[in-house]
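S.K.: Sharing upload_32.pdb (PDB, C-alpha atoms) below.
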```
MODEL        1
ATOM      1  CA  MET K   1       0.000   0.000   0.000  1.00  0.00           C
ATOM      2  CA  SER K   2       1.245   3.476  -0.838  1.00  0.00           C
ATOM      3  CA  SER K   3       2.311   5.611   2.112  1.00  0.00           C
ATOM      4  CA  ASN K   4       0.451   8.502   0.445  1.00  0.00           C
ATOM      5  CA  ILE K   5      -2.962   6.949   1.113  1.00  0.00           C
ATOM      6  CA  VAL K   6      -4.574   8.405   4.231  1.00  0.00           C
ATOM      7  CA  TRP K   7      -7.962   7.472   5.717  1.00  0.00           C
ATOM      8  CA  HIS K   8     -10.411  10.353   5.296  1.00  0.00           C
ATOM      9  CA  GLU K   9     -12.955  10.669   8.105  1.00  0.00           C
ATOM     10  CA  THR K  10     -16.544  11.141   6.961  1.00  0.00           C
ATOM     11  CA  THR K  11     -18.742  13.995   8.140  1.00  0.00           C
ATOM     12  CA  ILE K  12     -21.665  11.728   9.015  1.00  0.00           C
ATOM     13  CA  SER K  13     -21.048   8.899  11.505  1.00  0.00           C
ATOM     14  CA  LYS K  14     -22.356   5.350  11.446  1.00  0.00           C
ATOM     15  CA  SER K  15     -24.484   6.015  14.529  1.00  0.00           C
ATOM     16  CA  GLU K  16     -26.032   9.056  12.842  1.00  0.00           C
ATOM     17  CA  ARG K  17     -26.882   6.963   9.783  1.00  0.00           C
ATOM     18  CA  GLN K  18     -28.400   4.268  11.982  1.00  0.00           C
ATOM     19  CA  GLU K  19     -30.440   6.825  13.905  1.00  0.00           C
ATOM     20  CA  LYS K  20     -31.768   8.294  10.662  1.00  0.00           C
ATOM     21  CA  LYS K  21     -32.774   4.838   9.432  1.00  0.00           C
ATOM     22  CA  GLY K  22     -34.361   3.848  12.738  1.00  0.00           C
ATOM     23  CA  HIS K  23     -32.403   0.631  13.285  1.00  0.00           C
ATOM     24  CA  LYS K  24     -28.873  -0.614  13.847  1.00  0.00           C
ATOM     25  CA  SER K  25     -26.746  -2.199  11.132  1.00  0.00           C
ATOM     26  CA  CYS K  26     -24.926  -5.498  11.095  1.00  0.00           C
ATOM     27  CA  ILE K  27     -23.741  -8.380   8.931  1.00  0.00           C
ATOM     28  CA  LEU K  28     -25.934 -11.464   8.821  1.00  0.00           C
ATOM     29  CA  TRP K  29     -23.375 -13.984   7.592  1.00  0.00           C
ATOM     30  CA  PHE K  30     -25.153 -17.078   6.226  1.00  0.00           C
ATOM     31  CA  THR K  31     -22.658 -19.943   5.906  1.00  0.00           C
ATOM     32  CA  GLY K  32     -23.206 -23.573   4.972  1.00  0.00           C
ATOM     33  CA  LEU K  33     -22.825 -26.151   2.242  1.00  0.00           C
ATOM     34  CA  SER K  34     -24.019 -25.597  -1.305  1.00  0.00           C
ATOM     35  CA  GLY K  35     -27.725 -26.431  -1.342  1.00  0.00           C
ATOM     36  CA  SER K  36     -28.215 -25.817   2.390  1.00  0.00           C
ATOM     37  CA  GLY K  37     -30.529 -22.888   1.659  1.00  0.00           C
ATOM     38  CA  LYS K  38     -28.320 -19.876   2.368  1.00  0.00           C
ATOM     39  CA  SER K  39     -29.498 -17.723  -0.546  1.00  0.00           C
ATOM     40  CA  THR K  40     -33.133 -18.737  -0.144  1.00  0.00           C
ATOM     41  CA  LEU K  41     -33.066 -17.869   3.549  1.00  0.00           C
ATOM     42  CA  ALA K  42     -31.106 -14.620   3.105  1.00  0.00           C
ATOM     43  CA  ASN K  43     -33.577 -13.383   0.495  1.00  0.00           C
ATOM     44  CA  ALA K  44     -36.587 -14.386   2.601  1.00  0.00           C
ATOM     45  CA  VAL K  45     -35.138 -12.575   5.631  1.00  0.00           C
ATOM     46  CA  GLU K  46     -34.528  -9.477   3.517  1.00  0.00           C
ATOM     47  CA  ALA K  47     -38.159  -9.571   2.330  1.00  0.00           C
ATOM     48  CA  ALA K  48     -39.279  -9.696   5.971  1.00  0.00           C
ATOM     49  CA  LEU K  49     -36.978  -6.780   6.849  1.00  0.00           C
ATOM     50  CA  ILE K  50     -38.228  -4.677   3.934  1.00  0.00           C
ATOM     51  CA  GLN K  51     -41.789  -5.249   5.169  1.00  0.00           C
ATOM     52  CA  ARG K  52     -40.650  -3.538   8.385  1.00  0.00           C
ATOM     53  CA  ASN K  53     -38.985  -0.674   6.475  1.00  0.00           C
ATOM     54  CA  VAL K  54     -35.536  -1.915   7.508  1.00  0.00           C
ATOM     55  CA  HIS K  55     -32.753  -0.952   5.112  1.00  0.00           C
ATOM     56  CA  SER K  56     -31.061  -4.157   3.982  1.00  0.00           C
ATOM     57  CA  TYR K  57     -29.186  -5.733   1.089  1.00  0.00           C
ATOM     58  CA  VAL K  58     -28.234  -9.280   0.079  1.00  0.00           C
ATOM     59  CA  LEU K  59     -24.731 -10.056  -1.183  1.00  0.00           C
ATOM     60  CA  ASP K  60     -24.946 -13.480  -2.813  1.00  0.00           C
ATOM     61  CA  GLY K  61     -21.905 -15.637  -3.538  1.00  0.00           C
ATOM     62  CA  ASP K  62     -22.736 -16.410  -7.162  1.00  0.00           C
ATOM     63  CA  ASN K  63     -23.884 -12.874  -7.951  1.00  0.00           C
ATOM     64  CA  VAL K  64     -20.731 -11.270  -6.546  1.00  0.00           C
ATOM     65  CA  ARG K  65     -18.595 -13.564  -8.694  1.00  0.00           C
ATOM     66  CA  HIS K  66     -20.197 -12.002 -11.780  1.00  0.00           C
ATOM     67  CA  GLY K  67     -18.672  -8.611 -10.959  1.00  0.00           C
ATOM     68  CA  LEU K  68     -16.542  -7.668  -7.955  1.00  0.00           C
ATOM     69  CA  ASN K  69     -14.973 -11.112  -7.675  1.00  0.00           C
ATOM     70  CA  LYS K  70     -15.024 -12.028 -11.343  1.00  0.00           C
ATOM     71  CA  GLY K  71     -11.809 -13.826 -12.185  1.00  0.00           C
ATOM     72  CA  LEU K  72     -11.426 -15.543  -8.822  1.00  0.00           C
ATOM     73  CA  GLY K  73     -11.473 -19.328  -8.945  1.00  0.00           C
ATOM     74  CA  PHE K  74     -12.109 -21.888  -6.228  1.00  0.00           C
ATOM     75  CA  THR K  75      -8.612 -22.649  -5.014  1.00  0.00           C
ATOM     76  CA  GLU K  76      -8.105 -22.121  -1.285  1.00  0.00           C
ATOM     77  CA  GLU K  77      -6.248 -18.876  -2.009  1.00  0.00           C
ATOM     78  CA  ASP K  78      -9.019 -17.548  -4.271  1.00  0.00           C
ATOM     79  CA  ARG K  79     -11.716 -18.545  -1.797  1.00  0.00           C
ATOM     80  CA  LYS K  80      -9.896 -16.603   0.921  1.00  0.00           C
ATOM     81  CA  GLU K  81      -9.641 -13.531  -1.306  1.00  0.00           C
ATOM     82  CA  ASN K  82     -13.311 -13.875  -2.227  1.00  0.00           C
ATOM     83  CA  ILE K  83     -14.324 -13.735   1.439  1.00  0.00           C
ATOM     84  CA  ARG K  84     -11.822 -10.979   2.268  1.00  0.00           C
ATOM     85  CA  ARG K  85     -13.351  -8.727  -0.397  1.00  0.00           C
ATOM     86  CA  ILE K  86     -16.900  -9.509   0.699  1.00  0.00           C
ATOM     87  CA  GLY K  87     -15.928  -8.750   4.278  1.00  0.00           C
ATOM     88  CA  GLU K  88     -14.609  -5.332   3.305  1.00  0.00           C
ATOM     89  CA  VAL K  89     -17.731  -4.543   1.246  1.00  0.00           C
ATOM     90  CA  SER K  90     -19.963  -5.724   4.098  1.00  0.00           C
ATOM     91  CA  LYS K  91     -18.075  -3.471   6.517  1.00  0.00           C
ATOM     92  CA  LEU K  92     -18.869  -0.494   4.266  1.00  0.00           C
ATOM     93  CA  PHE K  93     -22.555  -1.444   4.190  1.00  0.00           C
ATOM     94  CA  VAL K  94     -22.610  -1.638   7.997  1.00  0.00           C
ATOM     95  CA  ASP K  95     -21.029   1.815   8.163  1.00  0.00           C
ATOM     96  CA  ALA K  96     -23.781   3.015   5.803  1.00  0.00           C
ATOM     97  CA  GLY K  97     -26.383   1.826   8.328  1.00  0.00           C
ATOM     98  CA  VAL K  98     -27.573  -1.134   6.254  1.00  0.00           C
ATOM     99  CA  ILE K  99     -28.276  -4.657   7.510  1.00  0.00           C
ATOM    100  CA  THR K 100     -26.150  -6.717   5.148  1.00  0.00           C
ATOM    101  CA  LEU K 101     -27.066 -10.319   4.434  1.00  0.00           C
ATOM    102  CA  THR K 102     -24.282 -12.399   2.904  1.00  0.00           C
ATOM    103  CA  ALA K 103     -24.876 -15.857   1.452  1.00  0.00           C
ATOM    104  CA  PHE K 104     -21.484 -17.520   0.981  1.00  0.00           C
ATOM    105  CA  ILE K 105     -20.318 -21.057   1.622  1.00  0.00           C
ATOM    106  CA  SER K 106     -17.232 -19.458   3.239  1.00  0.00           C
ATOM    107  CA  PRO K 107     -15.830 -22.853   4.223  1.00  0.00           C
ATOM    108  CA  PHE K 108     -12.943 -21.755   6.420  1.00  0.00           C
ATOM    109  CA  ARG K 109     -13.375 -20.565  10.042  1.00  0.00           C
ATOM    110  CA  GLU K 110     -10.302 -18.369   9.827  1.00  0.00           C
ATOM    111  CA  ASP K 111     -11.799 -16.377   6.937  1.00  0.00           C
ATOM    112  CA  ARG K 112     -15.121 -15.897   8.731  1.00  0.00           C
ATOM    113  CA  ASP K 113     -13.283 -14.828  11.893  1.00  0.00           C
ATOM    114  CA  GLN K 114     -11.327 -12.247   9.896  1.00  0.00           C
ATOM    115  CA  VAL K 115     -14.576 -10.704   8.691  1.00  0.00           C
ATOM    116  CA  ARG K 116     -15.905 -10.710  12.261  1.00  0.00           C
ATOM    117  CA  ALA K 117     -12.794  -8.769  13.312  1.00  0.00           C
ATOM    118  CA  LEU K 118     -13.545  -6.016  10.768  1.00  0.00           C
ATOM    119  CA  VAL K 119     -16.635  -4.763  12.583  1.00  0.00           C
ATOM    120  CA  GLU K 120     -17.599  -3.905  16.136  1.00  0.00           C
ATOM    121  CA  LYS K 121     -18.645  -6.540  18.671  1.00  0.00           C
ATOM    122  CA  GLY K 122     -22.192  -7.684  17.958  1.00  0.00           C
ATOM    123  CA  GLU K 123     -22.187  -6.482  14.349  1.00  0.00           C
ATOM    124  CA  PHE K 124     -21.172  -9.850  12.851  1.00  0.00           C
ATOM    125  CA  ILE K 125     -23.894 -12.452  13.234  1.00  0.00           C
ATOM    126  CA  GLU K 126     -22.774 -15.855  12.028  1.00  0.00           C
ATOM    127  CA  ILE K 127     -25.736 -17.949  10.905  1.00  0.00           C
ATOM    128  CA  PHE K 128     -24.923 -21.588  10.290  1.00  0.00           C
ATOM    129  CA  VAL K 129     -27.398 -22.810   7.691  1.00  0.00           C
ATOM    130  CA  ASN K 130     -27.201 -26.447   8.637  1.00  0.00           C
ATOM    131  CA  ALA K 131     -28.447 -29.235   6.399  1.00  0.00           C
ATOM    132  CA  SER K 132     -26.876 -32.653   6.038  1.00  0.00           C
ATOM    133  CA  LEU K 133     -24.668 -33.380   3.048  1.00  0.00           C
ATOM    134  CA  GLU K 134     -27.255 -35.947   1.974  1.00  0.00           C
ATOM    135  CA  THR K 135     -30.004 -33.301   2.032  1.00  0.00           C
ATOM    136  CA  CYS K 136     -27.866 -30.818   0.116  1.00  0.00           C
ATOM    137  CA  GLU K 137     -26.997 -33.416  -2.494  1.00  0.00           C
ATOM    138  CA  SER K 138     -30.643 -34.425  -2.864  1.00  0.00           C
ATOM    139  CA  ARG K 139     -31.580 -30.776  -3.456  1.00  0.00           C
ATOM    140  CA  ASP K 140     -28.576 -30.028  -5.714  1.00  0.00           C
ATOM    141  CA  PRO K 141     -30.342 -27.026  -7.313  1.00  0.00           C
ATOM    142  CA  LYS K 142     -27.468 -26.325  -9.708  1.00  0.00           C
ATOM    143  CA  GLY K 143     -26.366 -29.899 -10.409  1.00  0.00           C
ATOM    144  CA  LEU K 144     -23.009 -29.176  -8.800  1.00  0.00           C
ATOM    145  CA  TYR K 145     -22.735 -32.206  -6.526  1.00  0.00           C
ATOM    146  CA  GLU K 146     -23.274 -34.538  -9.453  1.00  0.00           C
ATOM    147  CA  LYS K 147     -20.470 -32.799 -11.358  1.00  0.00           C
ATOM    148  CA  ALA K 148     -18.219 -32.816  -8.277  1.00  0.00           C
ATOM    149  CA  ARG K 149     -18.792 -36.551  -7.730  1.00  0.00           C
ATOM    150  CA  ALA K 150     -17.919 -37.116 -11.398  1.00  0.00           C
ATOM    151  CA  GLY K 151     -14.661 -35.166 -10.972  1.00  0.00           C
ATOM    152  CA  ILE K 152     -15.780 -32.387 -13.328  1.00  0.00           C
ATOM    153  CA  ILE K 153     -15.673 -29.724 -10.600  1.00  0.00           C
ATOM    154  CA  PRO K 154     -12.472 -29.769  -8.491  1.00  0.00           C
ATOM    155  CA  ASN K 155     -12.179 -28.242  -5.005  1.00  0.00           C
ATOM    156  CA  PHE K 156     -15.901 -28.600  -4.307  1.00  0.00           C
ATOM    157  CA  THR K 157     -16.824 -27.968  -0.683  1.00  0.00           C
ATOM    158  CA  GLY K 158     -18.136 -31.036   1.089  1.00  0.00           C
ATOM    159  CA  ILE K 159     -16.831 -33.422  -1.562  1.00  0.00           C
ATOM    160  CA  SER K 160     -13.211 -32.691  -2.514  1.00  0.00           C
ATOM    161  CA  SER K 161     -12.653 -29.632  -0.305  1.00  0.00           C
ATOM    162  CA  PRO K 162     -13.393 -29.294   3.427  1.00  0.00           C
ATOM    163  CA  TYR K 163     -16.130 -27.283   5.144  1.00  0.00           C
ATOM    164  CA  GLU K 164     -15.302 -26.131   8.654  1.00  0.00           C
ATOM    165  CA  GLN K 165     -18.542 -25.792  10.589  1.00  0.00           C
ATOM    166  CA  PRO K 166     -18.892 -22.750  12.852  1.00  0.00           C
ATOM    167  CA  GLU K 167     -17.947 -23.627  16.430  1.00  0.00           C
ATOM    168  CA  ASN K 168     -20.017 -20.933  18.151  1.00  0.00           C
ATOM    169  CA  PRO K 169     -22.409 -19.348  15.651  1.00  0.00           C
ATOM    170  CA  GLU K 170     -24.879 -16.779  16.888  1.00  0.00           C
ATOM    171  CA  LEU K 171     -27.613 -18.819  15.196  1.00  0.00           C
ATOM    172  CA  THR K 172     -27.975 -22.305  13.734  1.00  0.00           C
ATOM    173  CA  ILE K 173     -30.854 -22.799  11.326  1.00  0.00           C
ATOM    174  CA  GLU K 174     -31.570 -26.420  10.439  1.00  0.00           C
ATOM    175  CA  THR K 175     -33.153 -25.982   7.041  1.00  0.00           C
ATOM    176  CA  ASP K 176     -33.757 -29.709   6.653  1.00  0.00           C
ATOM    177  CA  LYS K 177     -36.041 -29.580   9.702  1.00  0.00           C
ATOM    178  CA  LEU K 178     -37.553 -26.070   9.666  1.00  0.00           C
ATOM    179  CA  SER K 179     -39.812 -24.444   7.088  1.00  0.00           C
ATOM    180  CA  ILE K 180     -38.634 -21.238   5.437  1.00  0.00           C
ATOM    181  CA  GLU K 181     -41.168 -19.310   7.544  1.00  0.00           C
ATOM    182  CA  GLU K 182     -39.838 -20.853  10.771  1.00  0.00           C
ATOM    183  CA  SER K 183     -36.259 -20.162   9.678  1.00  0.00           C
ATOM    184  CA  VAL K 184     -36.988 -16.500   8.907  1.00  0.00           C
ATOM    185  CA  ALA K 185     -38.787 -16.113  12.242  1.00  0.00           C
ATOM    186  CA  LYS K 186     -35.692 -17.329  14.119  1.00  0.00           C
ATOM    187  CA  VAL K 187     -33.493 -14.701  12.450  1.00  0.00           C
ATOM    188  CA  ILE K 188     -36.008 -11.890  12.986  1.00  0.00           C
ATOM    189  CA  GLN K 189     -36.456 -12.886  16.622  1.00  0.00           C
ATOM    190  CA  TYR K 190     -32.685 -12.762  17.143  1.00  0.00           C
ATOM    191  CA  LEU K 191     -32.497  -9.258  15.644  1.00  0.00           C
ATOM    192  CA  GLU K 192     -35.331  -8.109  17.890  1.00  0.00           C
ATOM    193  CA  THR K 193     -33.788  -9.682  21.000  1.00  0.00           C
ATOM    194  CA  LYS K 194     -30.488  -7.920  20.304  1.00  0.00           C
ATOM    195  CA  GLU K 195     -32.381  -4.657  19.627  1.00  0.00           C
ATOM    196  CA  ILE K 196     -30.903  -4.358  16.142  1.00  0.00           C
ATOM    197  CA  ILE K 197     -34.398  -3.816  14.760  1.00  0.00           C
TER
ENDMDL
END
```
Starting from the coordinates I provided, produce the structure as structure tokens.

M.R.:
Amino acid sequence: MSSNIVWHETTISKSERQEKKGHKSCILWFTGLSGSGKSTLANAVEAALIQRNVHSYVLDGDNVRHGLNKGLGFTEEDRKENIRRIGEVSKLFVDAGVITLTAFISPFREDRDQVRALVEKGEFIEIFVNASLETCESRDPKGLYEKARAGIIPNFTGISSPYEQPENPELTIETDKLSIEESVAKVIQYLETKEII
């Protein structure tokens, strides 16, 4: 980094933005295997938040790879860079007073912990979207597990690349046992309990 780059303080603070919006901001970090329901749940939670006039935005793993993270592959190094960039973008959204929902496999604990360290205590809410590998494979909405099992897709999380489950997530949502409505309710209840909304 150039020594000529200096952080410029903004005129409006995060707390002022939050006060104007009428709620706090945070990162809802949905992590889990492909097919566990991360994107479905993140989008359903955002719909519930919008109904309450809560400013929110979903950053989805596949969508981000079409732009900001275009060109990154799925090696361990690229996966780490993918999450690092998303963490930095999410931090900016939190500063803007927006509840940011991120749907990323984010298989490595260390990477998730690094994102947690970017924001203030209580602003990173790790949500383990937990469904068995068998359930995820049976859903296989994109046909990825079949390709991974056939050796067409290398470094596929849960098959040829590890997934490190969260050890102490703020929330665990078992999407193979709960309906989408029940899952959304758990997230909303958490946000209310913590007085974020």

S.K.: At what distance in Å, to one decimal, does atom CA of Glu81 of chain K lie from atom CA of Tyr163 of chain K?

M.R.: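 The value is 16.5 Å.
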
S.K.: What does the distance between atom CA of Leu72 of chain K and atom CA of Val89 of chain K come to in Å, to one decimal place?

M.R.: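 Distance reported for this atom pair: 16.2 Å.
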
S.K.: Rounded to one decimal place, report the atom CA of Thr100 of chain K-atom CA of Ser25 of chain K distance in Å.

M.R.: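 Straight-line distance from atom CA of Thr100 of chain K to atom CA of Ser25 of chain K works out to 7.5 Å.
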
S.K.: Give me the residues within 7 Å of Leu33 of chain K as a PyMOL selection string, counting all atoms listed in the file and dropping any in the same chain fewer than 3 places off.

M.R.: chain K and resi 36+105+157-158

S.K.: Can you pull out every residue within 6 Å of segment 9-20 of chain K, counting only C-alpha atoms, but drop anything in the same chain fewer than 3 positions away, and send it as JSON, numbers by chain?

M.R.: {"K": [23, 24, 95, 97]}

S.K.: Could the residues in this selection be saved with C-alpha atoms as a PDB file, in the coordinates of the input?

M.R.:
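Output saved as result.pdb:
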```pdb
ATOM      1  CA  HIS K  23     -32.403   0.631  13.285  1.00  0.00           C
ATOM      2  CA  LYS K  24     -28.873  -0.614  13.847  1.00  0.00           C
ATOM      3  CA  ASP K  95     -21.029   1.815   8.163  1.00  0.00           C
ATOM      4  CA  GLY K  97     -26.383   1.826   8.328  1.00  0.00           C
TER       5      GLY K  97
END
```

S.K.: Give as a PyMOL selection string each residue that has an atom at most 9 Å from (-25.7, -20.0, 7.1) in the file, counting all atoms listed in the file.

M.R.: chain K and resi 28-33+36-39+41-42+102-105+126-130+171-173

S.K.: For each of K:Gly143, K:Pro169, K:Pro162, K:Pro154, take the minimum atom-to-atom distance to Ile125 of chain K, counting only C-alpha atoms, then give the residue where this is smallest.

M.R.: K:Pro169

S.K.: Using only C-alpha atoms, determine which residues lie at most 9 Å from Ile83 of chain K, disregarding the query and same-chain residues fewer than 5 positions distant; provide the list as a list in words.

M.R.: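 Close residues of Ile83 of chain K: Asp78, Glu88, Phe104, Ser106, Asp111, Arg112 and Val115 of chain K.
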
S.K.: Give me the residues within 10 Å of Thr135 of chain K as number ranges by chain, counting all atoms listed in the file and dropping any in the same chain fewer than 6 places off.

M.R.: K: 35-36, 175-176

S.K.: Counting all atoms listed in the file, which of K:Leu191, K:Val98, K:Ile86, K:Ile153 gets nearest to Val54 of chain K?

M.R.: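 That would be K:Val98, the residue with the smallest distance to Val54 of chain K.
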
S.K.: Which neighbours of Val184 of chain K fall inside 9 Å, counting all atoms listed in the file, when residues of the same chain fewer than 5 positions from it are skipped, and could you give them as a list in words?

M.R.: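 Those residues are Leu41, Ala42, Ala44, Val45, Ala48, Ser179 and Gln189 of chain K.
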
S.K.: Please determine, counting only C-alpha atoms, which residue among K:Ala47, K:His8, K:Gly22, K:Ala131 has the shortest atom-to-atom distance to Glu181 of chain K.

M.R.: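 Distance minimum relative to Glu181 of chain K lands on K:Ala47.
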